[in-house]
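Enquirer: Contents of protein_15.txt (compact mmCIF, C-alpha atoms):
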```txt
# COMPACT_ATOMS: atom_id res chain seq x y z
CA MET A 17 81.83 65.41 108.07
CA LYS A 18 79.28 63.94 105.64
CA GLU A 19 76.86 63.74 108.57
CA LYS A 20 77.24 67.48 109.08
CA PHE A 21 76.10 68.19 105.52
CA GLN A 22 73.17 65.80 105.87
CA GLY A 23 72.33 67.17 109.32
CA GLY A 24 72.48 70.71 107.94
CA LEU A 25 69.98 70.04 105.16
CA LEU A 26 67.72 67.95 107.41
CA GLY A 27 67.89 70.66 110.08
CA LEU A 28 66.91 73.27 107.50
CA ALA A 29 63.87 71.24 106.45
CA ALA A 30 62.97 70.36 110.05
CA GLY A 31 63.28 73.98 111.19
CA ASP A 32 61.16 75.14 108.27
CA MET A 33 58.53 72.47 108.99
CA PHE A 34 58.51 73.36 112.70
CA TYR A 35 56.90 76.74 111.98
CA PRO A 36 53.19 76.16 112.80
CA LYS A 37 51.78 78.01 109.78
CA ASN A 38 53.63 75.63 107.46
CA ASN A 39 51.21 72.87 108.57
CA GLY A 40 53.82 70.21 109.14
CA LYS A 41 55.42 70.59 105.72
CA TYR A 42 58.56 72.37 104.67
CA SER A 43 58.14 75.38 102.41
CA GLU A 44 59.97 77.22 99.62
CA GLU A 45 62.95 77.99 101.89
CA THR A 46 63.84 74.30 101.93
CA GLN A 47 62.69 73.54 98.37
CA ILE A 48 64.89 76.23 96.82
CA ALA A 49 67.83 75.52 99.15
CA LEU A 50 67.67 71.87 98.04
CA GLU A 51 67.54 72.92 94.37
CA ILE A 52 70.61 75.11 94.94
CA ALA A 53 72.42 72.33 96.82
CA THR A 54 71.69 69.93 93.95
CA LEU A 55 72.91 72.40 91.37
CA LEU A 56 76.10 73.06 93.33
CA HIS A 57 77.19 69.43 93.41
CA GLN A 58 76.33 68.77 89.76
CA ASP A 59 78.80 69.35 86.97
CA GLY A 60 78.02 72.34 84.78
CA ASN A 61 77.98 76.11 84.94
CA TYR A 62 76.31 76.89 88.27
CA GLU A 63 75.69 80.59 87.65
CA GLU A 64 74.27 79.96 84.19
CA ASN A 65 72.02 77.10 85.29
CA LEU A 66 70.65 78.69 88.47
CA PRO A 67 68.13 81.05 86.76
CA LYS A 68 66.82 78.16 84.64
CA VAL A 69 66.25 75.98 87.70
CA LEU A 70 64.54 78.84 89.57
CA LYS A 71 62.30 79.50 86.56
CA VAL A 72 61.21 75.87 86.39
CA TRP A 73 60.46 75.97 90.13
CA ALA A 74 58.44 79.20 89.74
CA GLU A 75 56.40 77.71 86.88
CA SER A 76 55.42 74.74 88.97
CA HIS A 77 54.57 76.88 92.01
CA LYS A 78 52.52 79.67 90.44
CA ASP A 79 49.85 79.38 93.15
CA ASN A 80 52.33 79.81 96.00
CA LYS A 81 51.04 82.85 97.88
CA ASP A 82 53.69 82.74 100.60
CA ILE A 83 56.76 83.57 98.58
CA ASP A 84 57.63 87.26 98.31
CA LEU A 85 56.35 88.72 95.03
CA MET A 86 59.67 90.28 93.99
CA THR A 87 61.50 87.00 94.62
CA PHE A 88 58.90 85.20 92.52
CA PHE A 89 59.30 87.75 89.66
CA ALA A 90 63.06 87.28 89.83
CA PHE A 91 62.61 83.52 89.42
CA GLU A 92 60.09 83.88 86.61
CA ASN A 93 61.99 86.47 84.60
CA GLY A 94 65.57 85.44 85.32
CA HIS A 95 66.33 89.01 86.45
CA PRO A 96 67.16 90.18 89.97
CA MET A 97 64.46 92.37 91.56
CA ASP A 98 64.36 94.61 94.62
CA SER A 99 63.57 91.93 97.20
CA THR A 100 64.55 91.86 100.87
CA SER A 101 62.75 88.61 101.55
CA GLY A 102 63.96 86.61 104.54
CA SER A 103 63.80 83.38 102.51
CA LEU A 104 66.92 84.48 100.64
CA ALA A 105 69.00 83.86 103.77
CA ALA A 106 68.00 80.20 103.73
CA PHE A 107 68.82 79.97 100.01
CA ALA A 108 72.42 81.06 100.73
CA VAL A 109 73.22 78.31 103.25
CA PRO A 110 74.20 75.54 100.77
CA ALA A 111 76.96 77.82 99.40
CA GLY A 112 78.49 77.94 102.89
CA PHE A 113 78.31 74.16 103.28
CA TYR A 114 79.68 73.47 99.82
CA HIS A 115 82.68 75.82 100.05
CA PHE A 116 83.42 75.25 103.74
CA ARG A 117 87.10 74.71 102.89
CA ASN A 118 87.41 77.98 100.99
CA ILE A 119 85.91 81.02 102.71
CA PRO A 120 86.43 83.48 99.80
CA LYS A 121 84.67 81.04 97.44
CA ALA A 122 81.81 80.63 99.91
CA ILE A 123 81.41 84.40 100.19
CA ASP A 124 81.53 84.87 96.43
CA CYS A 125 79.18 81.97 95.71
CA ALA A 126 76.62 83.19 98.26
CA ARG A 127 76.74 86.76 96.94
CA THR A 128 76.48 85.80 93.28
CA THR A 129 73.64 83.36 94.03
CA ILE A 130 71.62 86.00 95.84
CA ALA A 131 72.59 88.73 93.32
CA GLN A 132 70.69 86.72 90.71
CA ILE A 133 67.54 87.13 92.80
CA THR A 134 67.81 90.57 94.40
CA VAL A 135 69.61 93.82 93.63
CA ASP A 136 69.43 94.86 97.29
CA SER A 137 73.05 94.98 98.46
CA SER A 138 72.25 94.92 102.18
CA CYS A 139 70.30 91.75 101.59
CA GLN A 140 73.19 90.24 99.62
CA CYS A 141 75.56 91.02 102.54
CA SER A 142 73.19 89.46 105.07
CA CYS A 143 72.95 86.36 102.91
CA VAL A 144 76.75 86.12 102.90
CA ALA A 145 76.52 86.09 106.71
CA ALA A 146 73.90 83.30 106.47
CA ALA A 147 76.22 81.26 104.23
CA LEU A 148 79.08 81.82 106.67
CA MET A 149 76.86 80.61 109.52
CA GLY A 150 76.54 77.36 107.57
CA LEU A 151 80.29 77.28 106.96
CA TYR A 152 81.10 78.00 110.63
CA ALA A 153 78.70 75.23 111.65
CA VAL A 154 80.44 72.68 109.42
CA MET A 155 83.89 73.89 110.53
CA ASP A 156 82.93 73.88 114.23
CA VAL A 157 83.91 77.51 114.74
CA PRO A 158 83.03 78.49 118.37
CA PHE A 159 79.79 80.43 118.79
CA GLY A 160 81.63 83.40 120.30
CA VAL A 161 83.25 84.02 116.92
CA TRP A 162 79.93 83.68 115.08
CA ALA A 163 78.23 86.36 117.11
CA SER A 164 80.82 89.07 116.95
CA GLU A 165 82.14 88.40 113.45
CA LEU A 166 79.00 87.85 111.44
CA MET A 167 77.13 90.87 112.77
CA SER A 168 79.60 92.99 110.82
CA PHE A 169 77.99 91.77 107.58
CA VAL A 170 74.59 93.18 108.48
CA ARG A 171 74.43 96.67 107.07
CA GLY A 172 70.83 97.80 107.39
CA ILE A 173 71.27 99.36 110.79
CA ASP A 174 73.40 102.18 112.12
CA ASN A 175 76.64 101.47 113.94
CA ASP A 176 75.32 102.21 117.41
CA LEU A 177 72.64 99.64 116.91
CA VAL A 178 75.16 97.09 115.65
CA ASP A 179 77.23 97.69 118.79
CA SER A 180 74.18 97.26 120.99
CA ILE A 181 73.33 93.99 119.28
CA LYS A 182 76.89 92.76 119.65
CA THR A 183 76.77 93.59 123.34
CA THR A 184 73.49 91.75 123.68
CA MET A 185 74.95 88.79 121.83
CA ASP A 186 77.89 88.57 124.19
CA MET A 187 75.74 88.28 127.29
CA SER A 188 73.82 85.25 128.41
CA ALA A 189 70.30 85.86 127.22
CA SER A 190 67.69 86.66 129.83
CA SER A 191 64.05 87.20 128.87
CA GLU A 192 64.75 90.96 128.87
CA ASP A 193 67.64 90.44 126.44
CA ILE A 194 65.36 88.45 124.17
CA GLU A 195 62.76 91.19 124.31
CA SER A 196 65.26 93.94 123.59
CA PHE A 197 66.83 91.92 120.78
CA GLY A 198 63.36 91.41 119.31
CA LYS A 199 62.95 95.21 119.17
CA PHE A 200 66.27 95.56 117.29
CA SER A 201 65.38 92.78 114.94
CA LYS A 202 62.01 94.29 114.01
CA GLN A 203 63.79 97.45 112.81
CA LEU A 204 65.74 95.55 110.17
CA ASN A 205 64.66 94.43 106.73
CA PRO A 206 63.26 90.87 106.68
CA CYS A 207 66.46 89.28 105.38
CA GLU A 208 68.67 91.02 107.97
CA SER A 209 66.15 90.21 110.67
CA VAL A 210 66.30 86.50 109.77
CA VAL A 211 70.10 86.42 109.96
CA CYS A 212 70.29 88.33 113.25
CA SER A 213 67.52 86.32 114.90
CA SER A 214 69.05 83.03 113.85
CA LEU A 215 72.46 84.15 115.06
CA PHE A 216 70.99 85.11 118.41
CA ALA A 217 69.12 81.82 118.69
CA CYS A 218 72.13 79.72 117.68
CA VAL A 219 74.52 81.51 120.03
CA HIS A 220 72.31 81.43 123.10
CA PHE A 221 70.05 78.40 122.67
CA HIS A 222 72.07 75.89 120.65
CA LYS A 223 71.77 73.25 123.34
CA ASN A 224 68.10 72.74 122.54
CA PHE A 225 67.02 72.62 118.89
CA GLY A 226 63.33 73.15 119.69
CA ILE A 227 63.89 76.18 121.92
CA ALA A 228 66.42 77.70 119.49
CA ILE A 229 64.04 77.61 116.56
CA GLU A 230 61.18 78.87 118.70
CA VAL A 231 63.27 81.87 119.77
CA ALA A 232 64.38 82.52 116.17
CA SER A 233 60.78 82.42 115.04
CA GLU A 234 59.69 84.84 117.79
CA LEU A 235 62.41 87.38 117.03
CA SER A 236 62.34 87.41 113.25
CA LYS A 237 60.21 89.31 110.78
CA ASP A 238 60.15 86.19 108.59
CA PRO A 239 59.70 83.34 111.06
CA ASP A 240 59.92 80.27 108.84
CA ALA A 241 63.09 81.51 107.14
CA ALA A 242 64.64 82.08 110.59
CA THR A 243 63.63 78.62 111.82
CA ALA A 244 65.03 77.07 108.61
CA LEU A 245 68.35 78.93 108.95
CA THR A 246 68.65 78.11 112.66
CA GLY A 247 67.80 74.46 112.03
CA ALA A 248 70.38 74.27 109.23
CA CYS A 249 73.13 75.67 111.43
CA LEU A 250 72.39 73.47 114.44
CA GLY A 251 72.00 70.40 112.22
CA ALA A 252 75.35 71.09 110.58
CA LYS A 253 77.13 71.95 113.81
CA PHE A 254 75.94 68.98 115.90
CA GLY A 255 74.80 66.53 113.21
CA MET A 256 71.45 64.78 112.94
CA LYS A 257 71.45 63.91 116.64
CA ALA A 258 70.63 67.55 117.42
CA ILE A 259 67.31 67.36 115.58
CA PRO A 260 64.40 66.00 117.66
CA GLU A 261 63.42 62.50 116.55
CA ASP A 262 59.72 63.40 116.17
CA LEU A 263 60.61 66.11 113.63
CA ILE A 264 62.83 63.76 111.62
CA VAL A 265 60.12 61.09 111.55
CA ARG A 266 57.59 63.57 110.12
CA LEU A 267 59.91 64.95 107.43
CA GLU A 268 58.82 64.42 103.84
CA ASN A 269 61.42 63.11 101.38
CA LYS A 270 63.90 62.46 104.17
CA GLU A 271 65.87 59.97 102.07
CA ASP A 272 66.12 62.45 99.17
CA ILE A 273 67.43 65.15 101.51
CA LEU A 274 70.03 62.76 102.96
CA ASN A 275 71.05 61.84 99.44
CA ILE A 276 71.46 65.51 98.41
CA GLY A 277 73.49 66.10 101.59
CA GLU A 278 75.78 63.19 100.75
CA LYS A 279 76.31 64.34 97.16
CA LEU A 280 76.87 67.92 98.29
CA PHE A 281 79.58 66.66 100.65
CA TYR A 282 81.40 64.60 98.01
CA GLY A 283 81.02 67.43 95.46
CA SER A 284 82.49 69.81 98.01
CA MET A 285 85.53 67.58 98.56
CA LYS A 286 86.10 67.47 94.80
CA ALA A 287 85.59 71.21 94.27
CA ASN A 288 87.80 72.28 97.18
CA PRO A 289 90.53 69.68 97.67
CA VAL A 290 92.90 70.13 100.61
CA MET B 9 40.04 108.30 66.88
CA GLN B 10 39.45 105.59 69.49
CA LYS B 11 41.69 103.28 67.38
CA TYR B 12 44.56 105.87 67.47
CA CYS B 13 44.16 106.30 71.22
CA LEU B 14 44.33 102.54 71.74
CA GLY B 15 47.38 102.39 69.48
CA ALA B 16 49.13 105.17 71.42
CA ALA B 17 48.26 103.51 74.73
CA GLY B 18 49.64 100.22 73.44
CA LEU B 19 52.85 101.92 72.28
CA LEU B 20 53.23 103.62 75.65
CA GLY B 21 52.72 100.24 77.32
CA VAL B 22 55.48 98.67 75.21
CA LEU B 23 57.80 101.61 75.96
CA LEU B 24 57.16 101.35 79.70
CA LEU B 25 57.73 97.60 79.58
CA THR B 26 61.01 98.11 77.71
CA VAL B 27 62.17 100.68 80.28
CA PHE B 28 61.14 98.33 83.10
CA LEU B 29 62.92 95.32 81.63
CA SER B 30 66.07 97.26 80.80
CA SER B 31 66.16 98.54 84.38
CA CYS B 32 66.33 94.93 85.59
CA ASP B 33 69.23 93.76 83.49
CA ASN B 34 71.10 90.71 84.61
CA SER B 35 74.40 92.48 85.35
CA THR B 36 73.85 93.65 88.91
CA LYS B 37 76.24 96.47 89.54
CA PRO B 38 77.00 96.36 93.23
CA ASP B 39 76.72 99.47 95.39
CA PRO B 40 80.37 100.34 96.29
CA ASN B 41 79.34 101.53 99.75
CA GLN B 42 77.83 98.13 100.45
CA LEU B 43 80.41 96.05 98.62
CA ALA B 44 83.48 97.62 100.27
CA PRO B 45 82.40 96.61 103.82
CA LEU B 46 81.58 93.14 102.49
CA ILE B 47 85.11 92.84 101.05
CA LYS B 48 86.56 94.09 104.34
CA SER B 49 84.53 91.77 106.59
CA GLY B 50 84.95 88.85 104.18
CA THR B 51 88.72 89.30 104.02
CA SER B 52 88.93 89.62 107.79
CA VAL B 53 87.04 86.33 108.28
CA ALA B 54 89.04 84.57 105.56
CA VAL B 55 92.37 85.72 107.03
CA SER B 56 91.59 84.94 110.70
CA LEU B 57 90.23 81.47 109.96
CA GLY B 58 92.84 80.87 107.26
CA MET B 59 95.56 81.53 109.82
CA VAL B 60 93.86 79.20 112.32
CA ALA B 61 94.19 76.45 109.71
CA VAL B 62 98.01 76.86 109.53
CA PRO B 63 99.38 73.74 111.30
CA ASN B 64 102.21 75.12 113.47
CA SER B 65 100.42 77.79 115.49
CA GLU B 66 103.58 79.14 117.13
CA GLU B 67 105.20 79.83 113.76
CA ALA B 68 101.91 81.10 112.37
CA LEU B 69 101.55 83.55 115.24
CA LYS B 70 105.08 84.89 114.74
CA ALA B 71 104.50 85.22 110.99
CA ALA B 72 101.15 86.96 111.54
CA LYS B 73 102.83 89.57 113.75
CA GLU B 74 105.54 90.23 111.17
CA ALA B 75 103.02 90.37 108.33
CA LEU B 76 100.93 92.85 110.30
CA SER B 77 103.92 95.11 110.71
CA ALA B 78 104.78 94.75 106.99
CA LEU B 79 101.23 95.82 106.08
CA ASP B 80 101.40 98.76 108.47
CA GLN B 81 104.78 99.95 107.20
CA ASN B 82 104.73 99.15 103.49
CA VAL B 83 101.14 98.86 102.32
CA LEU B 84 98.58 100.87 104.25
CA PRO B 85 100.53 104.18 104.17
CA ILE B 86 100.70 103.94 100.35
CA LEU B 87 97.00 103.10 100.07
CA LYS B 88 96.06 106.03 102.25
CA GLY B 89 98.59 108.43 100.72
CA ASP B 90 98.41 110.59 97.59
CA GLU B 91 97.01 109.47 94.24
CA GLN B 92 100.37 109.18 92.44
CA GLY B 93 101.97 107.14 95.21
CA PHE B 94 98.92 104.86 95.14
CA ILE B 95 99.22 104.32 91.39
CA ASN B 96 102.99 103.81 91.52
CA GLY B 97 102.77 101.29 94.36
CA LEU B 98 99.73 99.42 93.09
CA ARG B 99 101.51 96.57 91.32
CA LYS B 100 103.71 95.84 94.34
CA ILE B 101 100.71 95.98 96.63
CA LEU B 102 98.51 93.67 94.59
CA THR B 103 101.32 91.13 94.17
CA LEU B 104 101.82 91.19 97.96
CA GLU B 105 105.48 92.07 97.51
CA ALA B 106 105.64 93.33 101.11
CA LEU B 107 105.27 89.70 102.22
CA ASN B 108 108.10 88.34 100.03
CA ASN B 109 109.96 86.65 102.82
CA PRO B 110 110.18 82.86 103.28
CA GLU B 111 109.05 83.23 106.90
CA LEU B 112 105.83 84.89 105.73
CA ASP B 113 104.99 82.29 103.07
CA LYS B 114 101.99 80.90 104.93
CA VAL B 115 100.50 84.35 105.55
CA LYS B 116 101.05 85.25 101.91
CA LEU B 117 99.25 82.05 100.89
CA VAL B 118 96.29 82.90 103.14
CA LEU B 119 96.10 86.41 101.64
CA GLU B 120 96.42 85.04 98.10
CA THR B 121 93.53 82.68 98.80
CA ALA B 122 91.43 85.66 99.92
CA MET B 123 92.49 87.81 96.94
CA PRO B 124 89.66 86.65 94.58
CA LEU B 125 87.26 88.51 96.90
CA LEU B 126 88.94 91.71 95.70
CA LYS B 127 90.11 90.92 92.18
CA LYS B 128 86.61 90.08 90.97
CA TYR B 129 85.73 93.77 91.29
CA LEU B 130 88.91 95.27 89.80
CA PRO B 131 89.37 96.14 86.11
CA ALA B 132 91.44 93.55 84.23
CA ASN B 133 95.24 94.00 84.52
CA LEU B 134 94.75 97.06 86.72
CA ALA B 135 98.17 96.74 88.33
CA ASP B 136 100.01 96.71 84.99
CA ASN B 137 97.94 99.39 83.27
CA ALA B 138 97.32 101.92 86.01
CA VAL B 139 98.85 105.17 84.81
CA GLY B 140 95.98 107.65 85.07
CA LYS B 141 93.29 108.28 87.66
CA ILE B 142 91.89 105.27 89.43
CA LYS B 143 88.13 105.13 89.96
CA PRO B 144 87.17 105.95 93.57
CA GLU B 145 85.30 102.66 94.03
CA VAL B 146 88.34 100.67 92.90
CA LYS B 147 90.46 102.42 95.52
CA LEU B 148 87.71 101.83 98.09
CA TYR B 149 87.75 98.07 97.37
CA ILE B 150 91.56 97.80 97.54
CA VAL B 151 91.72 99.70 100.84
CA ALA B 152 88.84 97.57 102.20
CA PHE B 153 90.70 94.37 101.31
CA PHE B 154 93.92 95.36 103.06
CA GLU B 155 92.11 96.84 106.08
CA GLY B 156 90.22 93.54 106.29
CA ALA B 157 93.49 91.61 106.06
CA ARG B 158 94.90 93.75 108.85
CA GLU B 159 91.83 93.22 111.01
CA GLY B 160 91.94 89.47 110.36
CA LEU B 161 95.60 89.22 111.36
CA GLN B 162 94.99 91.33 114.44
CA ASN B 163 92.08 89.12 115.51
CA TYR B 164 94.16 86.00 114.95
CA ILE B 165 97.02 87.41 117.02
CA GLY B 166 94.53 88.20 119.78
CA ASP B 167 94.64 92.00 119.70
CA GLY B 168 91.61 92.85 117.58
CA LEU B 169 87.94 93.26 118.43
CA ARG B 170 87.49 89.51 118.23
CA GLY B 171 90.98 88.69 119.49
CA SER B 172 89.89 86.94 122.67
CA TYR B 173 87.77 84.45 120.70
CA TYR B 174 90.64 83.60 118.37
CA GLN B 175 93.02 83.32 121.31
CA ASP B 176 90.66 80.72 122.83
CA LEU B 177 90.37 78.94 119.50
CA ARG B 178 94.15 78.80 119.07
CA GLY B 179 94.48 77.45 122.61
CA LYS B 180 91.90 74.71 121.98
CA LEU B 181 93.53 73.67 118.71
CA ALA B 182 96.98 73.56 120.30
CA LYS B 183 95.81 70.96 122.88
```
Take the structure from the file and write it as structure tokens.

Expert:
Amino acid sequence: MKEKFQGGLLGLAAGDMFYPKNNGKYSEETQIALEIATLLHQDGNYEENLPKVLKVWAESHKDNKDIDLMTFFAFENGHPMDSTSGSLAAFAVPAGFYHFRNIPKAIDCARTTIAQITVDSSCQCSCVAAALMGLYAVMDVPFGVWASELMSFVRGIDNDLVDSIKTTMDMSASSEDIESFGKFSKQLNPCESVVCSSLFACVHFHKNFGIAIEVASELSKDPDAATALTGACLGAKFGMKAIPEDLIVRLENKEDILNIGEKLFYGSMKANPV
Amino acid sequence: MQKYCLGAAGLLGVLLLTVFLSSCDNSTKPDPNQLAPLIKSGTSVAVSLGMVAVPNSEEALKAAKEALSALDQNVLPILKGDEQGFINGLRKILTLEALNNPELDKVKLVLETAMPLLKKYLPANLADNAVGKIKPEVKLYIVAFFEGAREGLQNYIGDGLRGSYYQDLRGKLAK
């Protein structure tokens, strides 16, 4: 089980790094997710400490042009803004890992984490789905359940469209399915698009980490957030063995990530005893 | 004159900044129309997977069927009925009295574990103090929770939208 936590965080970083524009380094999706994971396993008031940690991060990354402006303002000012950034989905994943034994706590933790960054409710709901993807991965819930259940959290599209996506999800994905799913995904806000694309990629392409994150990146409006989320889920579901060796070798701070994964696991056992 | 204009512009700037900052206060009030579906979907997931975690799946399945019928007969009609009936029945509903039966203990435990998803958004001591009108969003959240619980039980039993997946999952776990 500890390997699933470590694999999840390594997969998140590897997926993030895989995106070509990130030049072989992981970006803010991983950095913030690791900050959140660290804060979760530490003693102290999580909700009270989160804005302080985000503010410190923002101060040391003032030149970061990639992060969505509203998300950055939220970090700097300690107030939620109107952001629908796709990165938020990756930030929610550690909550799903940490509370994998208590679904209501995972849902609440993911929502309250994201509510400190954005006021957009549809984005908060999508992030809950992202956290549950992490939880399902740790718990080994079959992919069939992921697809049909988690789509119901995505609210930015009308019901007919949700049904169409569900139908698409239930079929084996041909290139036409991928193309038609891409069209759906581009109609969503970035955060919803990240969650749906990663779901699609995990459900249909989980046997190959590289292909799954490539598909997620193609379909999503925010490619590196989608590759990070997909990597996190596959890493948590199948462990580190799912992540290609060449990606693991190139990862910066690999030992630190493994260490955070280990502490997150033991913290989780303590916070949610059987 | 220029000095007064600059002063007025400065004052206006401060006012606008104050309005801006007060509009981004830390207490994010959720949109009920977004939160209610989240409570429903969240409860459904928590109940289906919570039931999967119950060790004896044969007993769990039997209990889930009975609990579903208890919700249909004793809870959902009150929630969807008139205002007074809703207020009168609220305490019993929120304490899950309909599931007070030793055979339904495990289902009650699963629902109690999911209950924080709802209670976080209810006024304090609502069940004990509800005598007047209940805010529409509060009713929306309570209905969403129990509809989610119903959906979760139905999926677990194998009858719901996602029933076939849970049927497979139960089969795999039983082996």

Enquirer: Write out as number ranges by chain each polymer residue whose atoms come within 10 Å of B:Asp113, counting all atoms listed in the file; drop sequence neighbours fewer than 6 positions from it.

Expert: B: 68, 71, 75, 107, 119

Enquirer: Just how far from atom CA of A:Ser190 is atom CA of A:Leu235, in Å to one decimal?

Expert: 13.9 Å

Enquirer: Could you name the residues that touch stretch 56-71 of chain A at 10 Å or less, counting all atoms listed in the file, but leaving out those on the same chain fewer than 6 positions away, as a PyMOL selection string?

Expert: chain A and resi 48+50+77+88-96+110-111+114-115+125+128-129+132-133+276-287

Enquirer: How many Å lie between atom CA of A:Val109 and atom CA of A:Lys78, rounded to one decimal?

Expert: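 Straight-line distance from atom CA of A:Val109 to atom CA of A:Lys78 works out to 24.4 Å.
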
Enquirer: Separation of atom CA of B:Pro131 and atom CA of B:Val146, in Å?

Expert: 8.2 Å
